[in-house]
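Source file data.cif; content: mmCIF, C-alpha atoms and all ligand atoms.
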data_protein
#
loop_
_atom_site.label_atom_id
_atom_site.label_comp_id
_atom_site.auth_asym_id
_atom_site.auth_seq_id
_atom_site.Cartn_x
_atom_site.Cartn_y
_atom_site.Cartn_z
CA MET A 1 95.08 27.73 156.51
CA THR A 2 92.48 29.38 154.34
CA ALA A 3 93.17 32.73 152.73
CA SER A 4 91.03 34.43 155.31
CA THR A 5 92.76 32.89 158.34
CA ASP A 6 96.03 34.08 156.75
CA LEU A 7 94.57 37.55 156.64
CA VAL A 8 93.50 37.39 160.28
CA ALA A 9 97.06 36.53 161.30
CA ARG A 10 98.66 39.12 159.05
CA LEU A 11 96.33 41.97 159.99
CA SER A 12 96.75 41.31 163.68
CA ALA A 13 100.55 41.15 163.28
CA VAL A 14 100.50 44.53 161.51
CA ARG A 15 98.29 46.02 164.23
CA THR A 16 100.62 44.73 166.92
CA ALA A 17 103.69 46.11 165.13
CA ILE A 18 101.97 49.51 164.82
CA ALA A 19 101.05 49.56 168.51
CA GLU A 20 104.60 48.61 169.53
CA ALA A 21 106.20 51.19 167.24
CA ALA A 22 103.82 53.88 168.49
CA ALA A 23 104.52 52.96 172.12
CA ALA A 24 108.28 53.05 171.46
CA SER A 25 107.88 56.69 170.34
CA GLY A 26 105.69 57.54 173.31
CA ARG A 27 102.50 57.69 171.25
CA SER A 28 99.29 55.75 171.58
CA ALA A 29 98.38 53.19 168.92
CA ALA A 30 95.34 55.35 168.16
CA ALA A 31 97.67 58.12 166.96
CA VAL A 32 98.60 55.99 163.96
CA THR A 33 95.91 55.12 161.41
CA LEU A 34 96.37 51.96 159.42
CA VAL A 35 95.34 52.53 155.80
CA ALA A 36 94.86 49.01 154.44
CA VAL A 37 95.91 49.16 150.79
CA SER A 38 93.43 46.97 148.95
CA LYS A 39 94.47 47.81 145.37
CA THR A 40 94.16 44.80 143.04
CA GLN A 41 92.39 42.84 145.80
CA PRO A 42 88.89 41.65 144.89
CA VAL A 43 85.95 42.26 147.24
CA PRO A 44 86.05 38.72 148.73
CA ALA A 45 89.65 39.36 149.80
CA ILE A 46 88.64 42.66 151.43
CA GLU A 47 85.61 41.35 153.34
CA PRO A 48 87.59 39.49 156.04
CA ALA A 49 89.43 42.73 156.85
CA LEU A 50 86.07 44.50 157.21
CA ALA A 51 84.90 41.69 159.47
CA LEU A 52 87.93 42.35 161.68
CA GLY A 53 86.91 45.98 162.07
CA GLN A 54 89.29 47.52 159.56
CA ARG A 55 87.57 50.66 158.24
CA VAL A 56 90.27 52.73 156.52
CA PHE A 57 91.35 51.55 153.07
CA GLY A 58 93.56 52.85 150.29
CA GLU A 59 93.12 52.40 146.55
CA ASN A 60 95.36 53.70 143.80
CA ARG A 61 92.97 53.70 140.84
CA VAL A 62 89.68 55.56 140.69
CA GLN A 63 87.99 53.16 138.25
CA GLU A 64 88.91 50.09 140.27
CA ALA A 65 87.73 51.70 143.50
CA LYS A 66 84.46 52.72 141.88
CA ALA A 67 83.81 49.11 140.95
CA LYS A 68 84.56 47.76 144.43
CA TRP A 69 83.55 50.23 147.12
CA PRO A 70 80.08 51.74 146.64
CA ASP A 71 78.35 48.47 147.63
CA LEU A 72 80.69 47.91 150.56
CA ARG A 73 80.05 51.45 151.73
CA LEU A 74 76.31 50.81 151.87
CA ARG A 75 77.02 47.98 154.31
CA HIS A 76 79.70 49.92 156.21
CA PRO A 77 78.81 53.63 156.32
CA ASP A 78 81.76 54.32 158.62
CA LEU A 79 84.37 53.51 155.97
CA GLU A 80 87.14 55.99 155.16
CA LEU A 81 88.57 55.62 151.67
CA HIS A 82 91.92 57.11 150.68
CA LEU A 83 93.08 57.69 147.14
CA ILE A 84 96.82 56.94 147.14
CA GLY A 85 97.51 56.86 143.39
CA PRO A 86 97.82 59.59 140.79
CA LEU A 87 94.62 61.50 140.00
CA GLN A 88 93.93 62.61 136.44
CA THR A 89 91.76 65.70 136.16
CA ASN A 90 89.14 63.81 134.10
CA LYS A 91 88.60 61.47 137.08
CA VAL A 92 88.17 64.22 139.68
CA LYS A 93 84.38 64.01 139.71
CA ASP A 94 84.42 60.28 140.48
CA ALA A 95 87.23 60.71 143.00
CA VAL A 96 85.38 63.40 144.94
CA ALA A 97 82.24 61.27 144.97
CA LEU A 98 84.09 58.22 146.28
CA PHE A 99 87.09 59.19 148.40
CA ASP A 100 87.21 60.79 151.84
CA VAL A 101 90.90 61.60 151.60
CA ILE A 102 92.88 62.40 148.47
CA GLU A 103 96.53 61.79 149.34
CA THR A 104 97.97 62.68 145.96
CA LEU A 105 97.36 66.40 145.47
CA ASP A 106 100.45 67.18 143.43
CA ARG A 107 99.92 70.01 140.93
CA PRO A 108 98.08 73.31 140.46
CA ARG A 109 95.96 71.98 137.59
CA LEU A 110 94.60 69.24 139.89
CA ALA A 111 93.94 71.73 142.71
CA GLU A 112 91.98 73.85 140.26
CA ALA A 113 89.95 70.85 139.02
CA LEU A 114 89.21 69.76 142.60
CA ALA A 115 88.04 73.26 143.51
CA ALA A 116 85.72 73.32 140.49
CA GLU A 117 84.24 69.95 141.44
CA LEU A 118 83.80 70.92 145.12
CA ALA A 119 81.79 73.93 143.99
CA ARG A 120 79.30 71.46 142.47
CA SER A 121 79.40 68.83 145.23
CA ASP A 122 78.48 68.70 148.90
CA ARG A 123 81.38 66.34 149.62
CA ARG A 124 84.51 67.71 151.28
CA PRO A 125 87.40 65.25 151.01
CA ARG A 126 90.53 66.19 152.93
CA CYS A 127 93.66 66.45 150.84
CA LEU A 128 97.28 65.59 151.48
CA ILE A 129 100.02 67.07 149.33
CA GLU A 130 102.24 64.42 147.80
CA VAL A 131 105.88 65.40 148.19
CA ASN A 132 108.61 64.07 145.91
CA THR A 133 111.16 63.90 148.73
CA GLY A 134 113.78 62.25 146.52
CA GLU A 135 113.19 64.77 143.71
CA GLU A 136 112.95 61.84 141.30
CA ALA A 137 112.21 62.92 137.73
CA GLN A 138 109.79 60.04 137.02
CA LYS A 139 107.84 60.38 140.26
CA ALA A 140 104.78 62.51 141.01
CA GLY A 141 104.79 64.98 143.85
CA VAL A 142 105.79 68.51 144.67
CA ALA A 143 109.49 69.23 145.28
CA PRO A 144 110.16 69.90 148.98
CA GLY A 145 111.17 73.50 148.28
CA GLU A 146 107.88 74.20 146.55
CA VAL A 147 105.46 72.74 149.10
CA ALA A 148 104.91 75.95 151.08
CA ALA A 149 103.90 77.93 147.99
CA PHE A 150 101.73 75.08 146.69
CA LEU A 151 99.99 74.75 150.07
CA ALA A 152 99.20 78.47 150.06
CA LEU A 153 97.82 78.21 146.53
CA CYS A 154 95.62 75.21 147.42
CA ARG A 155 94.20 76.94 150.48
CA ASP A 156 94.01 80.58 149.53
CA ARG A 157 93.13 80.39 145.88
CA TYR A 158 91.25 77.09 145.73
CA GLY A 159 89.86 76.73 149.26
CA LEU A 160 90.97 73.11 149.61
CA SER A 161 91.14 71.42 153.00
CA VAL A 162 94.81 70.38 153.11
CA THR A 163 95.56 68.50 156.32
CA GLY A 164 98.92 66.86 155.70
CA LEU A 165 101.69 65.51 153.53
CA MET A 166 102.31 62.15 151.87
CA ALA A 167 105.46 60.65 150.35
CA ILE A 168 106.80 57.51 148.73
CA PRO A 169 110.58 57.44 149.29
CA PRO A 170 112.94 56.33 146.49
CA GLN A 171 113.29 52.55 146.45
CA ASP A 172 117.05 52.40 146.76
CA GLU A 173 117.52 54.88 149.59
CA GLU A 174 117.30 54.79 153.37
CA PRO A 175 113.61 55.64 153.93
CA GLY A 176 114.26 57.26 157.32
CA LEU A 177 115.97 60.23 155.68
CA HIS A 178 112.87 60.86 153.59
CA PHE A 179 110.48 60.35 156.50
CA ALA A 180 112.50 62.84 158.55
CA LEU A 181 112.38 65.38 155.72
CA LEU A 182 108.61 64.98 155.33
CA ALA A 183 108.00 65.23 159.08
CA ASP A 184 110.13 68.36 159.32
CA LEU A 185 108.28 69.97 156.41
CA ALA A 186 104.88 69.15 157.94
CA ARG A 187 105.94 70.55 161.30
CA ARG A 188 107.15 73.81 159.77
CA LEU A 189 103.93 74.16 157.79
CA GLY A 190 101.71 73.28 160.76
CA LEU A 191 100.22 70.22 159.04
CA ALA A 192 99.04 67.45 161.37
CA GLU A 193 98.79 64.45 159.07
CA LEU A 194 101.78 62.51 157.77
CA SER A 195 101.12 59.58 155.44
CA MET A 196 104.33 57.62 155.10
CA GLY A 197 105.50 54.02 155.39
CA MET A 198 104.43 50.89 153.51
CA SER A 199 104.76 47.16 154.27
CA ALA A 200 108.55 47.20 154.27
CA ASP A 201 109.10 50.33 156.35
CA PHE A 202 106.00 51.33 158.30
CA VAL A 203 107.71 50.74 161.65
CA THR A 204 110.46 53.17 160.67
CA ALA A 205 107.87 55.67 159.44
CA ILE A 206 106.06 55.58 162.81
CA ARG A 207 109.37 56.27 164.54
CA PHE A 208 109.60 59.44 162.42
CA GLY A 209 106.06 60.52 163.27
CA ALA A 210 103.76 58.93 160.67
CA THR A 211 100.09 59.43 161.50
CA HIS A 212 99.01 57.22 158.57
CA VAL A 213 100.78 54.12 157.29
CA ARG A 214 99.74 52.59 153.97
CA VAL A 215 100.13 48.84 154.19
CA GLY A 216 99.09 46.40 151.45
CA THR A 217 101.17 43.28 151.03
CA ALA A 218 101.76 42.72 154.73
CA ILE A 219 97.97 42.46 155.20
CA PHE A 220 96.62 40.95 151.99
CA GLY A 221 99.66 38.98 150.80
CA GLU A 222 101.39 39.41 147.46
CA ARG A 223 99.41 41.16 144.77
CA ALA A 224 98.85 39.42 141.45
CA PRO A 225 101.08 41.07 138.81
CA PRO A 226 99.25 43.61 136.62
CA PRO A 227 97.75 42.03 133.49
C1 LIG A 301 100.75 49.91 146.75
C2 LIG A 301 101.01 51.10 147.61
C3 LIG A 301 101.22 50.97 148.98
C4 LIG A 301 101.26 49.63 149.70
O1 LIG A 301 102.43 48.95 149.36
P1 LIG A 301 102.83 47.56 150.12
O2 LIG A 301 104.28 47.49 149.89
O3 LIG A 301 102.05 46.50 149.46
O4 LIG A 301 102.48 47.74 151.54
C5 LIG A 301 101.41 52.12 149.73
N1 LIG A 301 101.38 53.34 149.15
C6 LIG A 301 101.18 53.51 147.83
C7 LIG A 301 101.16 54.89 147.27
C8 LIG A 301 101.00 52.41 147.02
O5 LIG A 301 100.79 52.59 145.70
#
Could I get this file's structure written as structure tokens?
Ligand SMILES: *Cc1c(COP(=O)(O)O)cnc(C)c1O
Amino acid sequence: MTASTDLVARLSAVRTAIAEAAAASGRSAAAVTLVAVSKTQPVPAIEPALALGQRVFGENRVQEAKAKWPDLRLRHPDLELHLIGPLQTNKVKDAVALFDVIETLDRPRLAEALAAELARSDRRPRCLIEVNTGEEAQKAGVAPGEVAAFLALCRDRYGLSVTGLMAIPPQDEEPGLHFALLADLARRLGLAELSMGMSADFVTAIRFGATHVRVGTAIFGERAPPP
């Protein structure tokens, strides 16, 4: 099999698994958006996914995305690009220009920088608040107990369009507990979008109400290790 026939098989298996998991929770497959995580994948590896109709992609680094996506977007104006990695304030201008959804809104300083950039730009990316459900010291994200206040700050003071929550559960814990926590938080705050679940656990995440699953390896195969 060529690399691209591999991708055809893997992408269709992921789509089937999403549809089955959605159906098992009484939801339609259309209620769950597959964010294909194309970080580290070169453009030729991404093109077969585009050819199969995939239009929502996730990248974790602004510079890498800026090198890959503007040309592809000219050919596919209906793309939706999600930033799923940490955003430094000095990259906010590029991020606003490139991304439709910023999933990693995680601190007041970033909210302030985004608001300042939106005042200069006609683009209006939606934002998800990243929640550190495991309260891990080394991980980005807002502590669960602080999300309500941070959401109010983002909306009332900075006028950001916050539509949901995102989380990456701790590696060594049962992800379902974290998905349940995130879903409960979103429900109490009236937020519709829930980005949770990766290659290893997206089926579980859908069971807990994920509206967006971020799947890389299961679609594109193993990533090359970072240089
Ligand atoms: C890399 C990454 C993913 C995809 O991970 P896979 O295990 O390859 O599916 C999802 N979310 C975030 C935030 C990531 O950085």
Close residues, Glu135 (chain A) itself excluded, 10 Å, all atoms listed in the file, min 5 positions apart in chain, as a compact mmCIF listing (two decimals) with C-alpha atoms, in the frame of the given file:
# COMPACT_ATOMS: atom_id res chain seq x y z
CA ALA A 140 104.78 62.51 141.01
CA GLY A 141 104.79 64.98 143.85
CA VAL A 142 105.79 68.51 144.67
CA ALA A 143 109.49 69.23 145.28
CA PRO A 144 110.16 69.90 148.98
CA PRO A 169 110.58 57.44 149.29
CA PRO A 170 112.94 56.33 146.49
Report as a PyMOL selection string which protein, DNA and RNA residues come within 9 Å of ligand LIG 301 (chain A), using only C-alpha atoms and all ligand atoms.
chain A and resi 35-39+58-60+83-86+103-104+166-168+195-202+213-223
For Arg187 (chain A): contacts at 12 Å, all atoms listed in the file, fewer than 6 positions along chain excluded, given as a list in words:
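Listed by chain and then number, they are Ala148, Thr163, Gly164, Leu165, Ala180, Leu181, Glu193, Leu194, Phe208, Gly209 and Ala210 of chain A.
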Given 4 Å on each side, where is the centre and what are the edge lengths in Å to one decimal of the axis-aligned box enclosing the listed atoms of region 68-87 of chain A, as lines of an AutoDock Vina configuration file?
center_x = 87.1
center_y = 54.6
center_z = 149.3
size_x = 29.5
size_y = 21.7
size_z = 26.6
Can you work out the spacing between CA of Ala192 (chain A) and CA of Arg120 (chain A) in Å, to one decimal?
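Spanning CA of Ala192 (chain A) to CA of Arg120 (chain A) is a straight-line distance of 27.6 Å.
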Can you tell me which residues surround Gly53 (chain A) at a distance of at most 12 Å, considering all atoms listed in the file, apart from same-chain residues fewer than 3 positions away, and format the answer as a ChimeraX atom specification?
/A:8,11-12,15,34,36,46-50,56-57,76,78-79
Quick one, how far is CA of Phe99 (chain A) from CA of Ala29 (chain A)?
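These atoms are spaced 24.2 Å apart.
CA of Arg61 (chain A) sits 11.6 Å away from CA of Ile102 (chain A).
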With a distance cut-off of 10 Å and all atoms listed in the file, select the neighbouring residues of Val43 (chain A), excluding the residue or stretch itself and same-chain residues fewer than 5 positions from it, and output the selection as a PyMOL selection string.
chain A and resi 38+48+67-69+71-72
Got a sec: who's within 9 Å of Lys66 (chain A), counting only C-alpha atoms, leaving out chain neighbours fewer than 3 positions off, as a PyMOL selection string?
chain A and resi 61-63+69-70+94-95+98
I'd like to know which of A:Gln88, A:Arg124, A:His212, A:Val96 is closest to Leu110 (chain A), using all atoms listed in the file.
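Result for the nearest residue to Leu110 (chain A): A:Gln88.
With only the atoms specified (all atoms listed in the file) counting, those residues at most 10 Å away from (84.2, 65.1, 142.4) are Thr89, Asn90, Lys91, Val92, Lys93, Asp94, Ala95, Val96, Ala97, Leu98, Phe99, Ala113, Leu114, Ala115, Ala116, Glu117, Leu118, Ala119, Arg120, Ser121, Asp122, Arg123, Arg124 and Pro125 of chain A.
Distance annotation: of A:Leu81, A:Leu153, A:Ala9, A:Ala183, the residue with the minimal separation from Arg107 (chain A) is A:Leu153; atom set is only C-alpha atoms.
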